$ cat upload_13.csv   # CSV, C-alpha atoms
chain,number,residue,atom,x,y,z
A,1,MET,CA,22.6,154.9,78.4
A,2,ALA,CA,24.9,157.6,77.1
A,3,ARG,CA,24.0,161.2,76.2
A,4,LYS,CA,25.7,163.8,74.0
A,5,GLY,CA,29.0,165.0,75.3
A,6,GLY,CA,29.8,161.8,77.2
A,7,LYS,CA,27.6,162.4,80.2
A,8,SER,CA,25.3,159.7,81.3
A,9,LEU,CA,21.7,159.9,82.7
A,10,PHE,CA,22.9,157.8,85.6
A,11,SER,CA,25.0,160.6,87.1
A,12,LEU,CA,22.1,163.0,87.1
A,13,SER,CA,19.7,160.6,88.8
A,14,THR,CA,22.4,159.7,91.4
A,15,LEU,CA,22.9,163.4,92.1
A,16,LEU,CA,19.1,163.9,92.5
A,17,ALA,CA,18.7,160.9,94.8
A,18,SER,CA,21.6,162.0,97.0
A,19,PHE,CA,20.0,165.5,97.2
A,20,PHE,CA,16.6,164.1,98.2
A,21,GLY,CA,18.2,161.6,100.7
A,22,ALA,CA,20.1,164.5,102.4
A,23,ALA,CA,16.9,166.6,102.5
A,24,MET,CA,15.0,163.8,104.1
A,25,ILE,CA,17.7,163.3,106.8
A,26,ALA,CA,17.8,167.1,107.5
A,27,GLY,CA,14.0,167.1,107.7
A,28,ALA,CA,13.9,164.2,110.2
A,29,PHE,CA,16.6,165.9,112.3
A,30,ALA,CA,14.7,169.2,112.3
A,31,TYR,CA,11.4,167.5,113.3
A,32,PHE,CA,12.9,165.6,116.2
A,33,ASN,CA,14.8,168.7,117.3
A,34,TYR,CA,11.5,170.6,117.2
A,35,LYS,CA,9.6,167.9,119.2
A,36,PHE,CA,12.3,167.9,121.9
A,37,SER,CA,12.1,171.7,122.2
A,38,GLU,CA,8.4,171.4,122.8
A,39,TYR,CA,9.2,170.1,126.3
A,40,LYS,CA,8.6,172.8,128.9
A,41,PHE,CA,10.4,173.9,132.0
A,42,ILE,CA,9.0,174.4,135.5
A,43,ASN,CA,10.8,176.5,138.1
A,44,PHE,CA,9.6,175.8,141.6
A,45,LYS,CA,10.7,179.2,142.7
A,46,GLU,CA,8.1,180.7,140.4
A,47,PHE,CA,5.5,177.9,140.6
A,48,VAL,CA,4.7,177.9,144.4
A,49,TYR,CA,3.3,174.6,145.7
A,50,TYR,CA,2.5,173.6,149.3
A,51,GLU,CA,2.7,170.2,151.0
A,52,LYS,CA,0.0,170.4,153.7
A,53,ASN,CA,1.1,173.8,155.2
A,54,ASP,CA,4.7,173.8,154.2
A,55,LEU,CA,6.2,175.3,151.1
A,56,PHE,CA,7.4,172.6,148.7
A,57,THR,CA,11.1,172.6,147.9
A,58,PRO,CA,12.2,169.9,145.4
A,59,SER,CA,15.0,167.6,146.6
A,60,ALA,CA,15.1,164.8,144.1
A,61,ASP,CA,16.7,165.0,140.7
A,62,GLU,CA,13.7,163.4,138.9
A,63,TYR,CA,10.0,163.1,139.6
A,64,ILE,CA,6.9,161.7,138.1
A,65,VAL,CA,4.3,164.4,138.0
A,66,ILE,CA,0.7,163.3,138.2
A,67,PHE,CA,-2.1,165.8,137.7
A,68,TYR,CA,-5.3,164.4,139.0
A,69,SER,CA,-8.8,165.2,140.4
A,70,SER,CA,-9.4,164.4,144.1
A,71,ARG,CA,-13.1,164.2,143.2
A,72,GLU,CA,-12.6,161.0,141.3
A,73,LYS,CA,-13.4,158.3,143.8
A,74,GLY,CA,-10.4,156.5,145.3
A,75,THR,CA,-7.8,158.5,143.3
A,76,MET,CA,-6.0,160.0,146.3
A,77,ASP,CA,-5.7,156.6,148.0
A,78,LYS,CA,-4.4,154.9,144.9
A,79,LEU,CA,-1.8,157.7,144.5
A,80,ALA,CA,-0.8,157.4,148.2
A,81,ASN,CA,-0.2,153.6,147.7
A,82,LEU,CA,1.8,153.8,144.5
A,83,ASP,CA,5.3,152.6,144.8
A,84,LEU,CA,7.3,153.4,141.7
A,85,HIS,CA,11.0,153.8,141.1
A,86,LEU,CA,10.8,157.7,141.2
A,87,PRO,CA,9.1,160.0,143.8
A,88,ILE,CA,5.6,161.2,142.7
A,89,LEU,CA,4.4,164.8,142.7
A,90,ALA,CA,0.6,164.5,142.9
A,91,ILE,CA,-1.0,167.8,141.9
A,92,ASP,CA,-4.7,168.0,142.7
A,93,TYR,CA,-7.0,170.1,140.5
A,94,TYR,CA,-9.2,170.8,143.6
A,95,ASN,CA,-6.3,171.5,146.0
A,96,ARG,CA,-7.3,169.2,148.8
A,97,VAL,CA,-4.9,168.7,151.6
A,98,ARG,CA,-3.5,165.2,152.0
A,99,LYS,CA,-0.6,163.9,154.1
A,100,ASN,CA,2.4,162.7,152.1
A,101,THR,CA,3.4,159.1,152.0
A,102,LYS,CA,6.8,157.5,151.6
A,103,THR,CA,6.6,157.7,147.8
A,104,THR,CA,4.0,160.4,147.0
A,105,ILE,CA,4.1,164.1,147.7
A,106,PHE,CA,0.7,165.7,147.6
A,107,LEU,CA,0.9,169.3,146.3
A,108,ARG,CA,-1.6,172.1,146.3
A,109,SER,CA,-1.4,175.7,145.0
A,110,GLY,CA,-3.4,178.8,144.4
A,111,THR,CA,-5.7,179.2,141.4
A,112,ASN,CA,-3.2,181.3,139.4
A,113,THR,CA,-0.4,178.7,139.8
A,114,SER,CA,-2.8,175.9,138.8
A,115,LEU,CA,-3.9,177.8,135.7
A,116,LYS,CA,-0.3,178.5,134.7
A,117,PHE,CA,0.6,174.9,135.2
A,118,ILE,CA,-2.3,173.6,133.1
A,119,GLN,CA,-1.5,176.1,130.3
A,120,ARG,CA,2.3,175.6,130.4
A,121,PHE,CA,2.0,171.8,130.0
A,122,ASN,CA,-1.1,171.8,127.9
A,123,ILE,CA,-3.0,169.4,130.2
A,124,TYR,CA,-6.4,168.4,128.8
A,125,ASN,CA,-7.2,165.2,130.8
A,126,SER,CA,-7.2,164.1,134.4
A,127,PRO,CA,-5.4,162.1,135.5
A,128,SER,CA,-2.3,162.9,133.3
A,129,MET,CA,1.3,162.2,134.0
A,130,PHE,CA,4.8,163.1,132.8
A,131,PHE,CA,8.4,163.0,134.0
A,132,ILE,CA,10.5,166.0,135.0
A,133,LYS,CA,14.3,166.1,135.5
A,134,ARG,CA,16.4,168.8,137.3
A,135,THR,CA,18.5,171.0,135.1
A,136,LYS,CA,19.7,173.3,138.0
A,137,ASP,CA,18.6,174.2,141.5
A,138,SER,CA,14.8,174.4,141.4
A,139,LEU,CA,14.5,174.4,137.6
A,140,TYR,CA,13.2,171.2,136.1
A,141,LYS,CA,12.6,170.2,132.4
A,142,GLN,CA,9.8,168.0,131.2
A,143,ASN,CA,11.4,164.7,130.3
A,144,SER,CA,8.6,162.8,128.6
A,145,MET,CA,5.4,163.3,126.7
A,146,ILE,CA,2.3,164.0,128.7
A,147,ARG,CA,0.2,160.8,128.9
A,148,LYS,CA,-3.4,160.4,129.9
A,149,LEU,CA,-3.8,157.8,132.6
A,150,ASP,CA,-6.9,155.7,132.0
A,151,ASN,CA,-6.3,153.5,135.0
A,152,LEU,CA,-4.0,154.2,138.0
A,153,ASP,CA,-4.0,150.5,138.8
A,154,GLU,CA,-2.1,149.8,135.6
A,155,LEU,CA,0.6,152.3,136.6
A,156,GLN,CA,1.4,150.2,139.7
A,157,GLU,CA,1.5,147.1,137.6
A,158,LYS,CA,3.8,148.5,135.0
A,159,LYS,CA,6.2,149.9,137.7
A,160,LEU,CA,7.4,152.8,135.6

$ encode --input "upload_13.csv" --output "C-alpha cells"
Amino acid sequence: MARKGGKSLFSLSTLLASFFGAAMIAGAFAYFNYKFSEYKFINFKEFVYYEKNDLFTPSADEYIVIFYSSREKGTMDKLANLDLHLPILAIDYYNRVRKNTKTTIFLRSGTNTSLKFIQRFNIYNSPSMFFIKRTKDSLYKQNSMIRKLDNLDELQEKKL
C-alpha cells in the first residue's frame, strides 16, 4: 500500500516494531540485572558466629546456609546427618550449641547478629535455605534465591 510521496505504510510499522522489540529486550535485561543485584552480601568479619565456643572462620568457597529452629522436633539431627555436595552452615534461631559433623557446621550468635542476618536476607520462614559463594576473604555473596524448606528429608533425597 503506497502513500503520497512514495513512502509506504510498511516502513513505518517496521520501524515501530523494531522500536518496541528493542524496548522489550532492554526491559528484560534491566529486570534480570535488578533481580541479580537483590542478592545480598555477608561479611563474616562483621557477622560474628560461633561454633560451640570457637569463633567461626569460613574456609570453603561455597556453602549452603540453612536457617532453622532447634525447637522443631528432630531438626538438628536431620541437619547433622545431611550429606550434600557443599558444606552446610546451620544457623539456629534459638542459638543452641551443637557439635559439628563432617558436613554440617552448627552456628550460633548474639541477638543483634541474628536480627541483622534475618533482616539482611529477608527471612520469613523456618527452615529456609540459600547458597553463598566467596567473593574475597571473608566476604560472601548470596548465590541463589531464599527457599522455604517444607521438608528436610526431601533435601537429602534431592542431593543439592

$ closest_atom_pairs --input "upload_13.csv" --of "stretch 34-66 of chain A" --to "stretch 82-101 of chain A" --cutoff "10 Å" --atoms "all atoms listed in the file" --output "tab-separated table"
residue	atom	partner	partner_atom	distance
A:Tyr49	CA	A:Ile91	CA	8.9
A:Tyr50	CA	A:Val97	CA	9.2
A:Glu51	CA	A:Asn100	CA	7.6
A:Lys52	CA	A:Val97	CA	5.6
A:Asn53	CA	A:Val97	CA	8.7
A:Pro58	CA	A:Leu89	CA	9.7
A:Ala60	CA	A:Pro87	CA	7.7
A:Asp61	CA	A:Leu86	CA	9.4
A:Glu62	CA	A:Leu86	CA	6.8
A:Tyr63	CA	A:Pro87	CA	5.3
A:Ile64	CA	A:Ile88	CA	4.8
A:Val65	CA	A:Leu89	CA	4.7
A:Ile66	CA	A:Ala90	CA	4.9

$ residues_around --input "upload_13.csv" --residues "stretch 72-75 of chain A" --least-positions-apart "4" --cutoff "9 Å" --atoms "all atoms listed in the file" --output "list of chain:residue names"
A:Tyr68, A:Leu79, A:Ala80, A:Pro127, A:Leu152

$ atom_distance --input "upload_13.csv" --atom1 "atom CA of A:Phe117" --atom2 "atom CA of A:Phe131"
14.3 Å

$ atom_distance --input "upload_13.csv" --atom1 "atom CA of A:Gly110" --atom2 "atom CA of A:Met129"
20.1 Å

$ atom_distance --input "upload_13.csv" --atom1 "atom CA of A:Tyr39" --atom2 "atom CA of A:Ser144"
7.7 Å

$ closest_residue --input "upload_13.csv" --among "A:Val48, A:Phe121, A:Lys78, A:Ile42" --to "A:Thr103" --atoms "all atoms listed in the file"
A:Lys78

$ closest_residue --input "upload_13.csv" --among "A:Ile132, A:Met145, A:Leu139, A:Leu107" --to "A:Asp54" --atoms "all atoms listed in the file"
A:Leu107

$ closest_residue --input "upload_13.csv" --among "A:Phe47, A:Ser13, A:Met24, A:Ser138" --to "A:Lys116" --atoms "only C-alpha atoms"
A:Phe47

$ closest_residue --input "upload_13.csv" --among "A:Leu15, A:Ile105, A:Ile146, A:Leu115" --to "A:Thr57" --atoms "all atoms listed in the file"
A:Ile105
